[in-house]
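So this block is target-v1.pdb, PDB, C-alpha atoms:
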ATOM      1  CA  MET M   1      19.531 -39.015 -23.325
ATOM      2  CA  ASP M   2      16.043 -40.519 -23.151
ATOM      3  CA  ALA M   3      12.981 -38.551 -22.087
ATOM      4  CA  PHE M   4       9.402 -39.525 -21.335
ATOM      5  CA  ASP M   5       6.379 -38.222 -19.459
ATOM      6  CA  VAL M   6       5.695 -39.580 -15.984
ATOM      7  CA  THR M   7       2.543 -37.452 -15.750
ATOM      8  CA  PRO M   8       1.273 -34.690 -18.057
ATOM      9  CA  ARG M   9       3.170 -32.174 -15.882
ATOM     10  CA  LEU M  10       6.264 -34.244 -15.109
ATOM     11  CA  ARG M  11       8.914 -35.423 -17.564
ATOM     12  CA  LEU M  12      11.876 -37.687 -16.823
ATOM     13  CA  LEU M  13      15.263 -37.020 -18.457
ATOM     14  CA  ARG M  14      17.489 -40.110 -18.322
ATOM     15  CA  PHE M  15      21.261 -39.835 -18.740
ATOM     16  CA  PRO M  16      23.900 -42.593 -18.943
ATOM     17  CA  VAL M  17      24.260 -42.112 -15.175
ATOM     18  CA  GLY M  18      21.272 -40.799 -13.234
ATOM     19  CA  GLN M  19      18.298 -38.734 -14.254
ATOM     20  CA  ALA M  20      16.618 -35.362 -13.864
ATOM     21  CA  TYR M  21      13.033 -34.173 -14.044
ATOM     22  CA  LEU M  22      11.107 -31.289 -15.553
ATOM     23  CA  TRP M  23       7.973 -30.063 -13.781
ATOM     24  CA  ARG M  24       5.509 -27.889 -15.714
ATOM     25  CA  ASP M  25       3.373 -25.183 -14.138
ATOM     26  CA  ASP M  26       1.163 -22.873 -16.144
ATOM     27  CA  ASP M  27       3.648 -20.022 -15.693
ATOM     28  CA  GLY M  28       6.913 -21.891 -16.284
ATOM     29  CA  LEU M  29       9.052 -24.951 -15.706
ATOM     30  CA  THR M  30      11.273 -26.252 -12.919
ATOM     31  CA  LEU M  31      14.237 -28.579 -13.421
ATOM     32  CA  ILE M  32      14.962 -30.981 -10.565
ATOM     33  CA  ASP M  33      18.620 -32.013 -10.806
ATOM     34  CA  ALA M  34      20.761 -31.315 -13.849
ATOM     35  CA  GLY M  35      22.715 -34.370 -14.907
ATOM     36  CA  ALA M  36      26.444 -34.768 -15.345
ATOM     37  CA  PRO M  37      28.907 -32.260 -16.845
ATOM     38  CA  GLY M  38      27.884 -31.440 -20.404
ATOM     39  CA  ALA M  39      24.177 -32.058 -19.787
ATOM     40  CA  GLY M  40      23.185 -28.407 -20.212
ATOM     41  CA  LEU M  41      22.698 -28.527 -23.979
ATOM     42  CA  PRO M  42      20.856 -31.888 -23.978
ATOM     43  CA  ILE M  43      18.545 -30.547 -21.263
ATOM     44  CA  ALA M  44      17.848 -27.471 -23.390
ATOM     45  CA  ASP M  45      17.006 -29.757 -26.322
ATOM     46  CA  ALA M  46      14.685 -31.785 -24.077
ATOM     47  CA  VAL M  47      12.911 -28.619 -22.967
ATOM     48  CA  ARG M  48      12.352 -27.633 -26.591
ATOM     49  CA  ALA M  49      11.109 -31.118 -27.455
ATOM     50  CA  TRP M  50       8.520 -30.697 -24.679
ATOM     51  CA  GLY M  51       7.240 -27.583 -26.426
ATOM     52  CA  HIS M  52       9.034 -24.938 -24.383
ATOM     53  CA  ALA M  53      12.043 -22.642 -24.590
ATOM     54  CA  PRO M  54      14.975 -23.023 -22.180
ATOM     55  CA  GLU M  55      14.102 -19.576 -20.835
ATOM     56  CA  ASP M  56      10.786 -21.026 -19.616
ATOM     57  CA  VAL M  57      12.728 -22.885 -16.898
ATOM     58  CA  ARG M  58      12.532 -20.585 -13.894
ATOM     59  CA  ARG M  59      14.556 -22.588 -11.391
ATOM     60  CA  ILE M  60      16.868 -25.574 -10.985
ATOM     61  CA  VAL M  61      16.471 -27.458  -7.705
ATOM     62  CA  LEU M  62      19.416 -29.722  -6.876
ATOM     63  CA  THR M  63      18.746 -32.637  -4.526
ATOM     64  CA  HIS M  64      22.432 -32.995  -3.527
ATOM     65  CA  PHE M  65      25.941 -32.113  -4.670
ATOM     66  CA  HIS M  66      27.073 -35.291  -6.496
ATOM     67  CA  GLU M  67      28.344 -34.629  -9.998
ATOM     68  CA  ASP M  68      25.765 -36.767 -11.796
ATOM     69  CA  HIS M  69      23.110 -34.402 -10.396
ATOM     70  CA  VAL M  70      24.789 -30.986 -10.504
ATOM     71  CA  GLY M  71      27.235 -31.280 -13.412
ATOM     72  CA  GLY M  72      24.938 -29.597 -15.938
ATOM     73  CA  ALA M  73      23.544 -26.953 -13.587
ATOM     74  CA  ALA M  74      25.903 -24.073 -14.364
ATOM     75  CA  GLU M  75      25.753 -24.667 -18.114
ATOM     76  CA  PHE M  76      21.961 -24.840 -18.201
ATOM     77  CA  ALA M  77      21.598 -21.876 -15.835
ATOM     78  CA  ARG M  78      23.653 -19.772 -18.254
ATOM     79  CA  LEU M  79      21.529 -20.954 -21.186
ATOM     80  CA  SER M  80      18.183 -20.393 -19.495
ATOM     81  CA  GLY M  81      18.697 -17.739 -16.838
ATOM     82  CA  ALA M  82      17.195 -20.109 -14.255
ATOM     83  CA  GLU M  83      17.963 -19.662 -10.559
ATOM     84  CA  VAL M  84      19.774 -22.531  -8.851
ATOM     85  CA  TYR M  85      18.699 -23.875  -5.464
ATOM     86  CA  ALA M  86      20.428 -26.353  -3.128
ATOM     87  CA  HIS M  87      20.404 -27.171   0.568
ATOM     88  CA  HIS M  88      22.680 -24.890   2.553
ATOM     89  CA  LEU M  89      24.904 -27.792   3.672
ATOM     90  CA  ASP M  90      25.587 -28.905   0.095
ATOM     91  CA  ALA M  91      25.641 -25.426  -1.471
ATOM     92  CA  PRO M  92      29.412 -24.826  -0.963
ATOM     93  CA  PHE M  93      30.175 -27.997  -2.917
ATOM     94  CA  VAL M  94      27.693 -27.062  -5.656
ATOM     95  CA  ARG M  95      29.398 -23.668  -5.963
ATOM     96  CA  GLY M  96      32.795 -25.365  -6.171
ATOM     97  CA  GLU M  97      34.139 -23.718  -3.018
ATOM     98  CA  ALA M  98      35.246 -27.092  -1.641
ATOM     99  CA  ALA M  99      35.211 -30.771  -2.516
ATOM    100  CA  GLY M 100      32.353 -32.663  -0.958
ATOM    101  CA  PRO M 101      33.033 -35.636   1.308
ATOM    102  CA  PRO M 102      33.141 -39.067  -0.339
ATOM    103  CA  PRO M 103      30.646 -41.781   0.557
ATOM    104  CA  VAL M 104      31.322 -44.372   3.218
ATOM    105  CA  TYR M 105      31.339 -47.493   1.068
ATOM    106  CA  GLU M 106      29.701 -50.800   1.656
ATOM    107  CA  ASP M 107      32.134 -53.336   0.167
ATOM    108  CA  TRP M 108      29.788 -54.196  -2.712
ATOM    109  CA  GLU M 109      29.399 -50.520  -3.617
ATOM    110  CA  ARG M 110      33.013 -49.905  -4.660
ATOM    111  CA  PRO M 111      32.802 -51.598  -8.088
ATOM    112  CA  LEU M 112      29.365 -50.037  -8.628
ATOM    113  CA  HIS M 113      30.780 -46.562  -8.015
ATOM    114  CA  ALA M 114      33.804 -47.222 -10.208
ATOM    115  CA  GLN M 115      31.525 -48.298 -13.044
ATOM    116  CA  ALA M 116      29.422 -45.151 -12.686
ATOM    117  CA  LEU M 117      32.468 -42.876 -12.584
ATOM    118  CA  ALA M 118      33.782 -44.454 -15.791
ATOM    119  CA  GLN M 119      30.593 -43.364 -17.568
ATOM    120  CA  LEU M 120      30.735 -39.746 -16.414
ATOM    121  CA  PRO M 121      32.251 -37.144 -18.761
ATOM    122  CA  PRO M 122      35.104 -34.937 -17.541
ATOM    123  CA  PRO M 123      34.232 -31.665 -15.798
ATOM    124  CA  LEU M 124      33.615 -28.640 -18.007
ATOM    125  CA  PRO M 125      35.967 -25.639 -17.814
ATOM    126  CA  GLU M 126      35.171 -23.322 -14.946
ATOM    127  CA  PRO M 127      32.673 -20.613 -16.014
ATOM    128  CA  ASP M 128      33.733 -16.987 -16.062
ATOM    129  CA  LEU M 129      31.200 -16.186 -13.355
ATOM    130  CA  PRO M 130      30.729 -18.313 -10.222
ATOM    131  CA  LEU M 131      27.486 -20.236  -9.890
ATOM    132  CA  VAL M 132      25.027 -18.382  -7.658
ATOM    133  CA  VAL M 133      23.111 -20.805  -5.450
ATOM    134  CA  ARG M 134      20.056 -19.885  -3.410
ATOM    135  CA  GLU M 135      20.216 -21.877  -0.198
ATOM    136  CA  LEU M 136      17.391 -24.053   1.100
ATOM    137  CA  THR M 137      16.640 -25.726   4.399
ATOM    138  CA  ASP M 138      14.221 -28.387   5.591
ATOM    139  CA  GLY M 139      10.621 -27.176   5.518
ATOM    140  CA  ASP M 140      11.110 -24.414   2.952
ATOM    141  CA  THR M 141       8.423 -24.020   0.313
ATOM    142  CA  LEU M 142       8.885 -23.130  -3.334
ATOM    143  CA  ASP M 143       6.441 -21.616  -5.788
ATOM    144  CA  LEU M 144       5.956 -24.658  -7.987
ATOM    145  CA  GLY M 145       3.405 -27.424  -8.112
ATOM    146  CA  ASP M 146       0.892 -25.345  -6.095
ATOM    147  CA  GLY M 147       3.311 -25.272  -3.190
ATOM    148  CA  ALA M 148       6.321 -27.572  -3.096
ATOM    149  CA  ARG M 149       7.849 -28.507   0.238
ATOM    150  CA  ILE M 150      11.571 -29.095   0.662
ATOM    151  CA  VAL M 151      12.086 -32.191   2.813
ATOM    152  CA  GLY M 152      15.490 -32.706   4.391
ATOM    153  CA  ALA M 153      16.736 -36.231   3.680
ATOM    154  CA  PRO M 154      20.301 -36.375   5.041
ATOM    155  CA  GLY M 155      22.389 -39.485   4.861
ATOM    156  CA  HIS M 156      23.237 -39.764   1.187
ATOM    157  CA  THR M 157      24.883 -36.390   1.732
ATOM    158  CA  ASP M 158      24.426 -34.038   4.668
ATOM    159  CA  GLY M 159      22.399 -31.684   2.488
ATOM    160  CA  SER M 160      20.312 -34.178   0.544
ATOM    161  CA  ILE M 161      16.716 -33.071  -0.011
ATOM    162  CA  ALA M 162      13.513 -34.365  -1.524
ATOM    163  CA  VAL M 163      10.853 -32.238  -3.222
ATOM    164  CA  HIS M 164       7.254 -33.005  -2.237
ATOM    165  CA  LEU M 165       4.300 -31.659  -4.201
ATOM    166  CA  PRO M 166       1.435 -32.670  -1.898
ATOM    167  CA  ARG M 167      -1.375 -31.222  -4.016
ATOM    168  CA  HIS M 168      -0.254 -33.378  -6.923
ATOM    169  CA  GLY M 169       0.763 -36.448  -4.920
ATOM    170  CA  VAL M 170       4.312 -36.298  -6.317
ATOM    171  CA  LEU M 171       7.536 -36.965  -4.431
ATOM    172  CA  LEU M 172      10.996 -36.526  -5.960
ATOM    173  CA  THR M 173      13.468 -38.270  -3.690
ATOM    174  CA  GLY M 174      16.858 -37.554  -5.236
ATOM    175  CA  ASP M 175      19.212 -40.380  -4.255
ATOM    176  CA  ALA M 176      17.670 -40.986  -0.831
ATOM    177  CA  VAL M 177      15.622 -43.762  -2.470
ATOM    178  CA  ALA M 178      16.234 -45.712  -5.677
ATOM    179  CA  ALA M 179      14.620 -48.369  -7.849
ATOM    180  CA  SER M 180      16.761 -51.342  -8.808
ATOM    181  CA  PRO M 181      17.679 -51.404 -12.501
ATOM    182  CA  VAL M 182      17.396 -55.195 -12.401
ATOM    183  CA  ASP M 183      13.893 -55.791 -11.042
ATOM    184  CA  GLY M 184      12.527 -52.350 -10.130
ATOM    185  CA  GLN M 185      12.624 -53.140  -6.422
ATOM    186  CA  ILE M 186      12.451 -50.007  -4.254
ATOM    187  CA  MET M 187      15.577 -49.698  -2.154
ATOM    188  CA  LEU M 188      17.674 -47.381  -0.036
ATOM    189  CA  GLY M 189      19.904 -45.222  -2.213
ATOM    190  CA  VAL M 190      23.517 -46.354  -2.417
ATOM    191  CA  LEU M 191      26.867 -44.614  -1.813
ATOM    192  CA  ASN M 192      25.750 -42.922   1.367
ATOM    193  CA  LEU M 193      27.764 -40.700   3.668
ATOM    194  CA  ASP M 194      25.878 -41.922   6.749
ATOM    195  CA  ARG M 195      23.803 -45.068   6.300
ATOM    196  CA  LYS M 196      21.961 -44.765   9.631
ATOM    197  CA  ARG M 197      20.749 -41.277   8.763
ATOM    198  CA  ALA M 198      19.908 -42.424   5.230
ATOM    199  CA  VAL M 199      17.661 -45.170   6.623
ATOM    200  CA  ALA M 200      15.905 -42.620   8.853
ATOM    201  CA  SER M 201      15.416 -40.301   5.876
ATOM    202  CA  PHE M 202      13.947 -43.158   3.826
ATOM    203  CA  ALA M 203      11.383 -43.700   6.596
ATOM    204  CA  ARG M 204      10.585 -39.984   6.696
ATOM    205  CA  LEU M 205       9.964 -39.845   2.947
ATOM    206  CA  ALA M 206       7.915 -43.045   3.036
ATOM    207  CA  ALA M 207       5.591 -41.467   5.589
ATOM    208  CA  LEU M 208       4.607 -38.709   3.158
ATOM    209  CA  GLU M 209       1.434 -39.046   1.130
ATOM    210  CA  SER M 210       2.444 -39.687  -2.462
ATOM    211  CA  GLU M 211       0.887 -41.361  -5.461
ATOM    212  CA  VAL M 212       3.927 -40.854  -7.707
ATOM    213  CA  ALA M 213       7.542 -41.208  -6.598
ATOM    214  CA  CYS M 214      10.524 -40.302  -8.780
ATOM    215  CA  PHE M 215      14.089 -41.309  -7.974
ATOM    216  CA  GLY M 216      17.556 -40.188  -8.945
ATOM    217  CA  HIS M 217      18.178 -43.680 -10.316
ATOM    218  CA  GLY M 218      15.615 -46.182 -11.541
ATOM    219  CA  ASP M 219      12.105 -46.141 -12.916
ATOM    220  CA  PRO M 220       9.490 -44.011 -11.140
ATOM    221  CA  LEU M 221       6.448 -45.365  -9.356
ATOM    222  CA  THR M 222       3.292 -43.994 -10.943
ATOM    223  CA  GLU M 223       0.633 -45.337  -8.567
ATOM    224  CA  ASN M 224       0.349 -46.177  -4.871
ATOM    225  CA  ALA M 225       3.883 -44.898  -4.322
ATOM    226  CA  GLY M 226       3.457 -44.142  -0.633
ATOM    227  CA  ALA M 227       2.456 -47.706   0.201
ATOM    228  CA  ALA M 228       5.341 -49.116  -1.821
ATOM    229  CA  LEU M 229       7.829 -46.800  -0.141
ATOM    230  CA  ARG M 230       6.555 -47.698   3.321
ATOM    231  CA  ALA M 231       6.823 -51.415   2.604
ATOM    232  CA  ALA M 232      10.362 -51.028   1.279
ATOM    233  CA  SER M 233      11.442 -48.708   4.087
ATOM    234  CA  ALA M 234      10.240 -51.165   6.717
ATOM    235  CA  THR M 235      12.801 -53.722   5.552
ATOM    236  CA  TYR M 236      15.590 -51.365   6.659
ATOM    237  CA  GLN M 237      14.219 -50.577  10.093
ATOM    238  CA  PRO M 238      15.684 -52.115  13.265
ATOM    239  CA  ALA M 239      13.818 -55.163  14.524
TER     240      ALA M 239
END
When written as structure tokens, how does the structure in this file appear?
Amino acid sequence: MDAFDVTPRLRLLRFPVGQAYLWRDDDGLTLIDAGAPGAGLPIADAVRAWGHAPEDVRRIVLTHFHEDHVGGAAEFARLSGAEVYAHHLDAPFVRGEAAGPPPVYEDWERPLHAQALAQLPPPLPEPDLPLVVRELTDGDTLDLGDGARIVGAPGHTDGSIAVHLPRHGVLLTGDAVAASPVDGQIMLGVLNLDRKRAVASFARLAALESEVACFGHGDPLTENAGAALRAASATYQPA
């Protein structure tokens, strides 16, 4: 796993598939997404390398239920004592009560998904205690980043969310938006459940004021993010 600072308060954790983020407030840390199965211990090591203890992480906010984002949540929650949050529509899948619906593939996405799945480790054994998930909905606020707003971004999954920190100009999009690993181009996230809704969610996120934008896949934007998102989103809008 690689790790680097996006801002003094925001650190990116990059896994073989996908990435997570640590946000630092004066009174503790927040983890946004949690990597694939087995990521709990590497996340704990990354927290220590940033000068903190795992117990300093107060909450884990999951942007959606896909395994490259939630696989390490239960393990790290047990290590740290952090509370886990997810949108109420994705929470049953995060808790393991049911299997989440698969994406509706574009033809070109099938080999991409197969390649990603081949890089994911197998699931960990079920924990002795079920994962407790605090449920979120669009418009909720959380006590991080001087007031973080939960922004519903359905389409990738029904319960996909973004986390907007308006006082810091930071937007964490989950997989609603991505940056191409080839040329860094900002693009609609792939492997969506409902592409039409995903396009609408991209436009909603692009309309937010943000200087920094961080994605579930691809390099973050560290300046003028809002303008770049709006320009990219416009290419997906109906004529």
Residue members of the PyMOL selection byres ((chain M and resi 164-169) around 12) in the file shown, as an mmCIF file with C-alpha atoms, keeping the file's coordinate frame:
data_model
loop_
_atom_site.group_PDB
_atom_site.id
_atom_site.type_symbol
_atom_site.label_atom_id
_atom_site.label_comp_id
_atom_site.auth_asym_id
_atom_site.auth_seq_id
_atom_site.Cartn_x
_atom_site.Cartn_y
_atom_site.Cartn_z
ATOM 1 C CA THR M 7 2.543 -37.452 -15.750
ATOM 2 C CA PRO M 8 1.273 -34.690 -18.057
ATOM 3 C CA ARG M 9 3.170 -32.174 -15.882
ATOM 4 C CA LEU M 10 6.264 -34.244 -15.109
ATOM 5 C CA TRP M 23 7.973 -30.063 -13.781
ATOM 6 C CA ARG M 24 5.509 -27.889 -15.714
ATOM 7 C CA ASP M 25 3.373 -25.183 -14.138
ATOM 8 C CA ILE M 32 14.962 -30.981 -10.565
ATOM 9 C CA THR M 63 18.746 -32.637 -4.526
ATOM 10 C CA ASP M 138 14.221 -28.387 5.591
ATOM 11 C CA GLY M 139 10.621 -27.176 5.518
ATOM 12 C CA ASP M 140 11.110 -24.414 2.952
ATOM 13 C CA THR M 141 8.423 -24.020 0.313
ATOM 14 C CA LEU M 142 8.885 -23.130 -3.334
ATOM 15 C CA ASP M 143 6.441 -21.616 -5.788
ATOM 16 C CA LEU M 144 5.956 -24.658 -7.987
ATOM 17 C CA GLY M 145 3.405 -27.424 -8.112
ATOM 18 C CA ASP M 146 0.892 -25.345 -6.095
ATOM 19 C CA GLY M 147 3.311 -25.272 -3.190
ATOM 20 C CA ALA M 148 6.321 -27.572 -3.096
ATOM 21 C CA ARG M 149 7.849 -28.507 0.238
ATOM 22 C CA ILE M 150 11.571 -29.095 0.662
ATOM 23 C CA VAL M 151 12.086 -32.191 2.813
ATOM 24 C CA GLY M 152 15.490 -32.706 4.391
ATOM 25 C CA ALA M 153 16.736 -36.231 3.680
ATOM 26 C CA ILE M 161 16.716 -33.071 -0.011
ATOM 27 C CA ALA M 162 13.513 -34.365 -1.524
ATOM 28 C CA VAL M 163 10.853 -32.238 -3.222
ATOM 29 C CA VAL M 170 4.312 -36.298 -6.317
ATOM 30 C CA LEU M 171 7.536 -36.965 -4.431
ATOM 31 C CA LEU M 172 10.996 -36.526 -5.960
ATOM 32 C CA THR M 173 13.468 -38.270 -3.690
ATOM 33 C CA GLY M 174 16.858 -37.554 -5.236
ATOM 34 C CA ARG M 204 10.585 -39.984 6.696
ATOM 35 C CA LEU M 205 9.964 -39.845 2.947
ATOM 36 C CA ALA M 206 7.915 -43.045 3.036
ATOM 37 C CA ALA M 207 5.591 -41.467 5.589
ATOM 38 C CA LEU M 208 4.607 -38.709 3.158
ATOM 39 C CA GLU M 209 1.434 -39.046 1.130
ATOM 40 C CA SER M 210 2.444 -39.687 -2.462
ATOM 41 C CA GLU M 211 0.887 -41.361 -5.461
ATOM 42 C CA VAL M 212 3.927 -40.854 -7.707
ATOM 43 C CA ALA M 213 7.542 -41.208 -6.598
ATOM 44 C CA CYS M 214 10.524 -40.302 -8.780
ATOM 45 C CA LEU M 221 6.448 -45.365 -9.356
ATOM 46 C CA THR M 222 3.292 -43.994 -10.943
ATOM 47 C CA GLU M 223 0.633 -45.337 -8.567
ATOM 48 C CA ASN M 224 0.349 -46.177 -4.871
ATOM 49 C CA ALA M 225 3.883 -44.898 -4.322
ATOM 50 C CA GLY M 226 3.457 -44.142 -0.633
#
Exercise. What residues come out when you apply the PyMOL selection byres ((chain M and resi 97-111) around 7) to this file, written as a list in words?
Worked result: Pro92, Phe93, Arg95, Gly96, Leu112, His113, Ala114, Gln115, Leu191, Asn192, Leu193 and Asp194 of chain M
For this session: Go through M:Asp27, M:Gly38, M:Asp45, M:Asp33 one by one, measure the shortest atom-to-atom distance of each to M:Ala3 using all atoms listed in the file, and give the residue with the smallest value.
Result: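 Result for the nearest residue to M:Ala3: M:Asp45.
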Problem set entry | Selection result of the PyMOL selection byres ((chain M and resi 2) around 8) on this file, as a list of chain:residue names |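 What the PyMOL selection byres ((chain M and resi 2) around 8) grabs from the file is M:Met1, M:Ala3, M:Phe4, M:Leu13, M:Arg14, M:Phe15.
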Exercise. Quick one: of M:Arg230, M:Arg134, M:Arg197, M:His156, who's nearest to M:His66, counting all atoms listed in the file?
Worked result: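 Between M:Arg230, M:Arg134, M:Arg197, M:His156, the residue approaching M:His66 most closely is M:His156.
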For this session: Could you tell me how far atom CA of M:Lys196 lies from atom CA of M:Gln237, in Å and to one decimal?
Result: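 A separation of 9.7 Å between them.
Of the listed residues (M:Glu75, M:Val199, M:Glu83, M:Ala36), M:Glu83 comes nearest to M:Arg58; the distances count all atoms listed in the file.
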For this session: Please measure the separation of atom CA of M:Val17 and atom CA of M:Ala53, giving the value in Å to one decimal.
Result: 24.8 Å
For this session: Select, counting only C-alpha atoms, all protein, DNA and RNA residues no farther than 12 Å from (24.2, -19.6, -21.1) in file coordinates, and express the selection as a PyMOL selection string.
Result: chain M and resi 40-41+44+54-55+72-82+127-129+131
Exercise. What does the distance between atom CA of M:Gly35 and atom CA of M:Asp56 come to in Å, to one decimal place?
Worked result: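 Distance reported for this atom pair: 18.5 Å.
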For this session: Within 10 Å of M:Pro181, counting all atoms listed in the file, which residues show up once you throw out same-chain ones fewer than 3 positions away? Write them as a ChimeraX atom specification, please.
Result: /M:178,184-186,217-219
Given the selection you just returned, output its residues as a file containing C-alpha atoms, formatted as a tab-separated table (two decimals), in the coordinates of the input.
chain	number	residue	atom	x	y	z
M	178	ALA	CA	16.23	-45.71	-5.68
M	184	GLY	CA	12.53	-52.35	-10.13
M	185	GLN	CA	12.62	-53.14	-6.42
M	186	ILE	CA	12.45	-50.01	-4.25
M	217	HIS	CA	18.18	-43.68	-10.32
M	218	GLY	CA	15.62	-46.18	-11.54
M	219	ASP	CA	12.10	-46.14	-12.92
